[in-house]
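See below for coords-v7.txt, which holds compact mmCIF, C-alpha atoms (C1' of nucleotides).
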```txt
# COMPACT_ATOMS: atom_id res chain seq x y z
CA MET A 1 -24.51 35.56 -23.33
CA ALA A 2 -25.07 31.92 -22.55
CA LYS A 3 -26.52 30.97 -19.24
CA THR A 4 -23.95 30.38 -16.54
CA GLN A 5 -23.27 26.73 -15.90
CA TYR A 6 -22.02 25.31 -12.65
CA TRP A 7 -19.36 22.68 -12.13
CA LEU A 8 -17.59 20.79 -9.41
CA ILE A 9 -13.85 20.44 -9.89
CA LYS A 10 -11.62 18.42 -7.63
CA SER A 11 -7.99 18.65 -6.75
CA GLU A 12 -5.79 17.15 -4.10
CA PRO A 13 -4.56 20.09 -2.03
CA SER A 14 -1.06 18.61 -2.03
CA VAL A 15 -1.10 18.76 -5.82
CA TYR A 16 -2.82 22.09 -6.42
CA ALA A 17 -4.68 23.76 -3.58
CA TYR A 18 -7.04 26.69 -3.96
CA ALA A 19 -4.55 28.88 -2.11
CA GLN A 20 -2.13 28.19 -4.93
CA LEU A 21 -4.70 29.32 -7.48
CA GLU A 22 -5.16 32.56 -5.55
CA LYS A 23 -1.41 33.02 -5.54
CA ASP A 24 -1.06 32.28 -9.25
CA GLY A 25 -4.08 34.33 -10.32
CA GLU A 26 -5.02 31.69 -12.86
CA THR A 27 -3.97 28.24 -13.92
CA GLU A 28 -4.40 25.73 -16.70
CA TRP A 29 -6.59 22.90 -15.39
CA THR A 30 -4.70 19.92 -16.74
CA GLY A 31 -4.21 16.25 -16.12
CA ILE A 32 -7.79 15.14 -16.69
CA ARG A 33 -7.54 11.59 -18.08
CA ASN A 34 -11.11 10.46 -18.02
CA PHE A 35 -13.38 10.71 -21.04
CA GLU A 36 -16.44 11.89 -19.20
CA ALA A 37 -14.48 14.53 -17.31
CA ARG A 38 -12.88 15.62 -20.56
CA ASN A 39 -16.25 16.02 -22.19
CA ASN A 40 -17.38 18.08 -19.23
CA LEU A 41 -14.33 20.31 -19.64
CA ARG A 42 -15.26 20.82 -23.27
CA ALA A 43 -18.76 21.89 -22.27
CA MET A 44 -17.38 24.68 -20.08
CA ARG A 45 -17.75 28.27 -21.16
CA PRO A 46 -15.92 31.39 -19.96
CA GLY A 47 -17.78 32.79 -16.96
CA ASP A 48 -19.01 29.42 -15.71
CA LEU A 49 -18.56 28.98 -11.98
CA CYS A 50 -16.92 26.01 -10.28
CA LEU A 51 -16.98 24.71 -6.77
CA TYR A 52 -13.45 23.78 -5.81
CA TYR A 53 -13.18 20.57 -3.81
CA HIS A 54 -10.09 19.39 -1.97
CA SER A 55 -9.95 15.61 -2.05
CA ASN A 56 -8.02 13.28 0.27
CA GLU A 57 -6.59 15.57 2.94
CA ASP A 58 -9.34 18.14 3.32
CA LYS A 59 -12.39 16.40 1.93
CA ALA A 60 -14.23 19.70 1.72
CA VAL A 61 -15.51 22.21 -0.78
CA VAL A 62 -13.24 25.15 -0.08
CA ALA A 63 -13.85 27.80 -2.71
CA VAL A 64 -15.43 29.06 -5.91
CA ALA A 65 -13.41 29.34 -9.09
CA GLN A 66 -14.29 30.66 -12.50
CA VAL A 67 -13.76 29.31 -16.00
CA LEU A 68 -11.70 31.78 -18.05
CA THR A 69 -11.45 30.09 -21.44
CA GLU A 70 -12.99 27.56 -23.72
CA ALA A 71 -11.41 24.13 -23.54
CA GLY A 72 -8.21 23.67 -25.48
CA PRO A 73 -5.65 20.88 -25.73
CA ASP A 74 -4.02 19.68 -22.52
CA SER A 75 -0.43 20.89 -22.76
CA THR A 76 0.67 18.11 -20.42
CA ALA A 77 -0.37 15.50 -23.00
CA PRO A 78 0.94 16.78 -26.34
CA GLY A 79 -0.58 15.07 -29.34
CA GLU A 80 -3.21 13.29 -27.31
CA ASP A 81 -6.90 13.98 -27.34
CA TRP A 82 -7.36 15.54 -23.91
CA ALA A 83 -8.67 18.91 -22.83
CA SER A 84 -7.95 21.68 -20.38
CA VAL A 85 -9.38 25.08 -19.51
CA ARG A 86 -7.92 28.04 -17.70
CA VAL A 87 -9.51 28.84 -14.36
CA GLY A 88 -9.14 31.69 -11.91
CA PRO A 89 -10.05 32.20 -8.25
CA VAL A 90 -13.31 33.87 -7.24
CA VAL A 91 -13.73 33.53 -3.50
CA ALA A 92 -12.74 31.14 -0.72
CA LEU A 93 -15.62 29.87 1.40
CA SER A 94 -15.54 31.39 4.87
CA ALA A 95 -16.51 27.95 6.14
CA PRO A 96 -15.42 25.02 3.96
CA VAL A 97 -18.23 22.55 3.41
CA ALA A 98 -17.00 19.14 4.47
CA LEU A 99 -17.88 15.96 2.67
CA ALA A 100 -19.45 14.75 5.91
CA THR A 101 -21.75 17.78 5.85
CA VAL A 102 -22.72 17.14 2.25
CA LYS A 103 -23.58 13.56 3.19
CA LYS A 104 -25.72 14.72 6.10
CA THR A 105 -27.65 17.22 3.99
CA ALA A 106 -30.71 15.66 2.42
CA ALA A 107 -30.92 18.27 -0.33
CA LEU A 108 -27.45 17.24 -1.45
CA LYS A 109 -28.02 13.51 -1.71
CA ASP A 110 -27.66 13.73 -5.51
CA PHE A 111 -24.56 15.89 -5.34
CA PRO A 112 -21.87 14.34 -7.57
CA LEU A 113 -19.40 14.19 -4.70
CA ILE A 114 -21.61 11.41 -3.42
CA THR A 115 -23.01 9.88 -6.57
CA ARG A 116 -19.92 10.20 -8.79
CA SER A 117 -17.22 10.35 -6.19
CA ARG A 118 -14.38 9.47 -8.52
CA LEU A 119 -15.16 11.82 -11.36
CA SER A 120 -13.02 14.93 -11.16
CA VAL A 121 -15.10 17.32 -13.28
CA THR A 122 -18.88 17.17 -13.00
CA PRO A 123 -21.77 19.48 -13.79
CA ILE A 124 -23.89 20.58 -10.83
CA THR A 125 -27.21 22.36 -10.57
CA ALA A 126 -27.63 26.03 -9.71
CA ALA A 127 -29.59 24.95 -6.65
CA HIS A 128 -26.76 22.78 -5.38
CA PHE A 129 -24.25 25.51 -6.11
CA LYS A 130 -26.24 28.06 -4.15
CA LEU A 131 -26.81 25.70 -1.26
CA ILE A 132 -23.10 24.95 -0.91
CA LEU A 133 -22.39 28.68 -0.89
CA LYS A 134 -24.99 29.16 1.79
CA LEU A 135 -23.60 26.31 3.89
CA GLY A 136 -20.18 27.87 3.40
CA GLY A 137 -21.43 31.20 4.70
CA THR A 138 -20.28 32.93 1.55
CA ALA A 139 -21.78 35.22 -1.07
CA LEU A 140 -20.41 35.71 -4.54
CA PRO A 141 -18.61 38.98 -5.12
CA LYS A 142 -20.76 41.19 -7.28
CA ALA A 143 -18.40 41.12 -10.24
CA SER A 144 -18.70 37.34 -10.43
CA GLN A 145 -22.42 37.02 -10.15
CA PRO A 146 -24.06 35.29 -13.07
CA GLY A 147 -26.40 37.14 -15.30
C1' DG B 1 -2.40 1.22 4.53
C1' DC B 2 -6.51 -0.98 3.11
C1' DC B 3 -10.21 -1.62 0.28
C1' DA B 4 -14.35 -0.44 -2.49
C1' DA B 5 -15.85 1.73 -6.63
C1' DC B 6 -15.40 2.22 -11.18
C1' DG B 7 -13.34 3.44 -15.70
C1' DT B 8 -10.35 1.37 -19.11
C1' DT B 9 -8.04 -2.27 -21.55
C1' DG B 10 -7.50 -6.39 -23.90
C1' DG B 11 -8.47 -11.30 -24.84
C1' DC B 12 -11.75 -14.08 -26.80
C1' DG C 1 -19.42 -7.08 -28.22
C1' DC C 2 -18.86 -9.25 -23.80
C1' DC C 3 -16.44 -9.63 -19.62
C1' DA C 4 -12.45 -10.47 -16.65
C1' DA C 5 -8.32 -8.27 -15.22
C1' DC C 6 -6.09 -4.29 -14.11
C1' DG C 7 -5.08 0.44 -12.56
C1' DT C 8 -6.44 4.53 -10.29
C1' DT C 9 -8.99 7.30 -7.16
C1' DG C 10 -10.36 8.53 -2.86
C1' DG C 11 -12.77 7.63 1.62
C1' DC C 12 -11.95 5.50 5.88
```

Please render this file's structure as C-alpha cells.
Amino acid sequence: MAKTQYWLIKSEPSVYAYAQLEKDGETEWTGIRNFEARNNLRAMRPGDLCLYYHSNEDKAVVAVAQVLTEAGPDSTAPGEDWASVRVGPVVALSAPVALATVKKTAALKDFPLITRSRLSVTPITAAHFKLILKLGGTALPKASQPG
DNA sequence: GCCAACGTTGGC
DNA sequence: GCCAACGTTGGC
C-alpha cells in the first residue's frame, strides 16, 4: 500500500459545501480547469486524505475528506483533457480553522492557502495536515487513519 | 464591489 | 519564445 498523501481541496460553500458531501456520501470532484490542479488530481490515490477548505464565504478549513478513486476524465468536460476523482466525507472539524488563524500560525506560513491561494488542489505535508487537525480540535476516526 | 494575484491566451 | 492583454479567483 502506497504511503498516504495529503491534499488541500477548495470549494465555495455556495457551490458545494462539506455538508453536501456528507449528505451525498460521495461526489465526483469536477470542474478543475487548471493544469497544475489537474496534475495534482492525477497524483491522488484512493485513501489519500484531503483538507476541505471553504473559500469566499467561510474562509476556513472545515473538514477532512478522503479520495475514493484514481483520477478519471471529468464528466463535466466531455472530450477534453481534464481530470476528476471521487471523494467522500471523513470528519468535520469541531472547530473550523479560519484563514486568519492559518496566517497567524508561524508553522503554517508555507501552507498553500497562503502561498498558492488561487490553486484549488494542492499537496500538503503530513505535518501541516496534522497541525490543522489539532487546531481544529479533531482526531481522525480510526477507520480513516493512514497506515 | 473592488482589486491584486496569477494562470492562460494570442500576437508578434 | 517572449510578453502584453485578458479572464478568473478569492480576500478584503

Subject >> Point (-12.1, 1.9, -18.9) neighbourhood (12 Å, only C-alpha atoms (C1' of nucleotides)) written as number ranges by chain >> reply: A: 33-36; B: 6-10; C: 5-8

Original post:
Separation of atom CA of A:Ser94 and atom CA of A:Thr122, in Å?
Top reply: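 These two atoms are separated by 23.1 Å.
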
Original post:
Quick one: distance from atom CA of A:Pro78 to atom CA of A:Asn40 in Å, one decimal?
Top reply: 19.7 Å

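If you look at atom CA of A:Ala17 and atom CA of A:His54, they are 7.1 Å away from each other.
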
With a distance cut-off of 8 Å and all atoms listed in the file, select the neighbouring residues of A:Tyr52, excluding the residue or stretch itself and same-chain residues fewer than 4 positions from it, and output the selection as a tab-separated table (two decimals) with C-alpha atoms, in the frame of the given file.
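What ended up in around_3.tsv:
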```tsv
chain	number	residue	atom	x	y	z
A	8	LEU	CA	-17.59	20.79	-9.41
A	9	ILE	CA	-13.85	20.44	-9.89
A	10	LYS	CA	-11.62	18.42	-7.63
A	11	SER	CA	-7.99	18.65	-6.75
A	18	TYR	CA	-7.04	26.69	-3.96
A	61	VAL	CA	-15.51	22.21	-0.78
A	62	VAL	CA	-13.24	25.15	-0.08
A	63	ALA	CA	-13.85	27.80	-2.71
A	64	VAL	CA	-15.43	29.06	-5.91
A	65	ALA	CA	-13.41	29.34	-9.09
```

Original post:
Any idea which chain A residues end up within 9 Å of chain C if we count all atoms listed in the file, as a list in words please?
Top reply: Ser55, Asn56, Lys59, Ser117, Arg118 and Leu119 of chain A

**OP:** Please provide as number ranges by chain all residues within 10 Å of A:Ala83, with the sequence filter that same-chain residues fewer than 4 positions apart are discarded (counting all atoms listed in the file).
**Re:** A: 29-33, 35, 37-42, 70-77

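Residues in contact with A:Leu135 at up to 10 Å, not including ones fewer than 5 positions away on its chain and judged by all atoms listed in the file, are Leu93, Ser94, Ala95, Pro96, Val97, Ala98, Thr101, Val102, Thr105 and Lys130 of chain A.
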
Take every atom of stretch 24-27 of chain A listed in the file, fit an axis-aligned box around them, add 6 Å per side, and give the centre and edge lengths in Å to one decimal as AutoDock Vina command-line options.
```
--center_x -3.0 --center_y 31.3 --center_z -11.6 --size_x 16.0 --size_y 18.1 --size_z 16.7
```
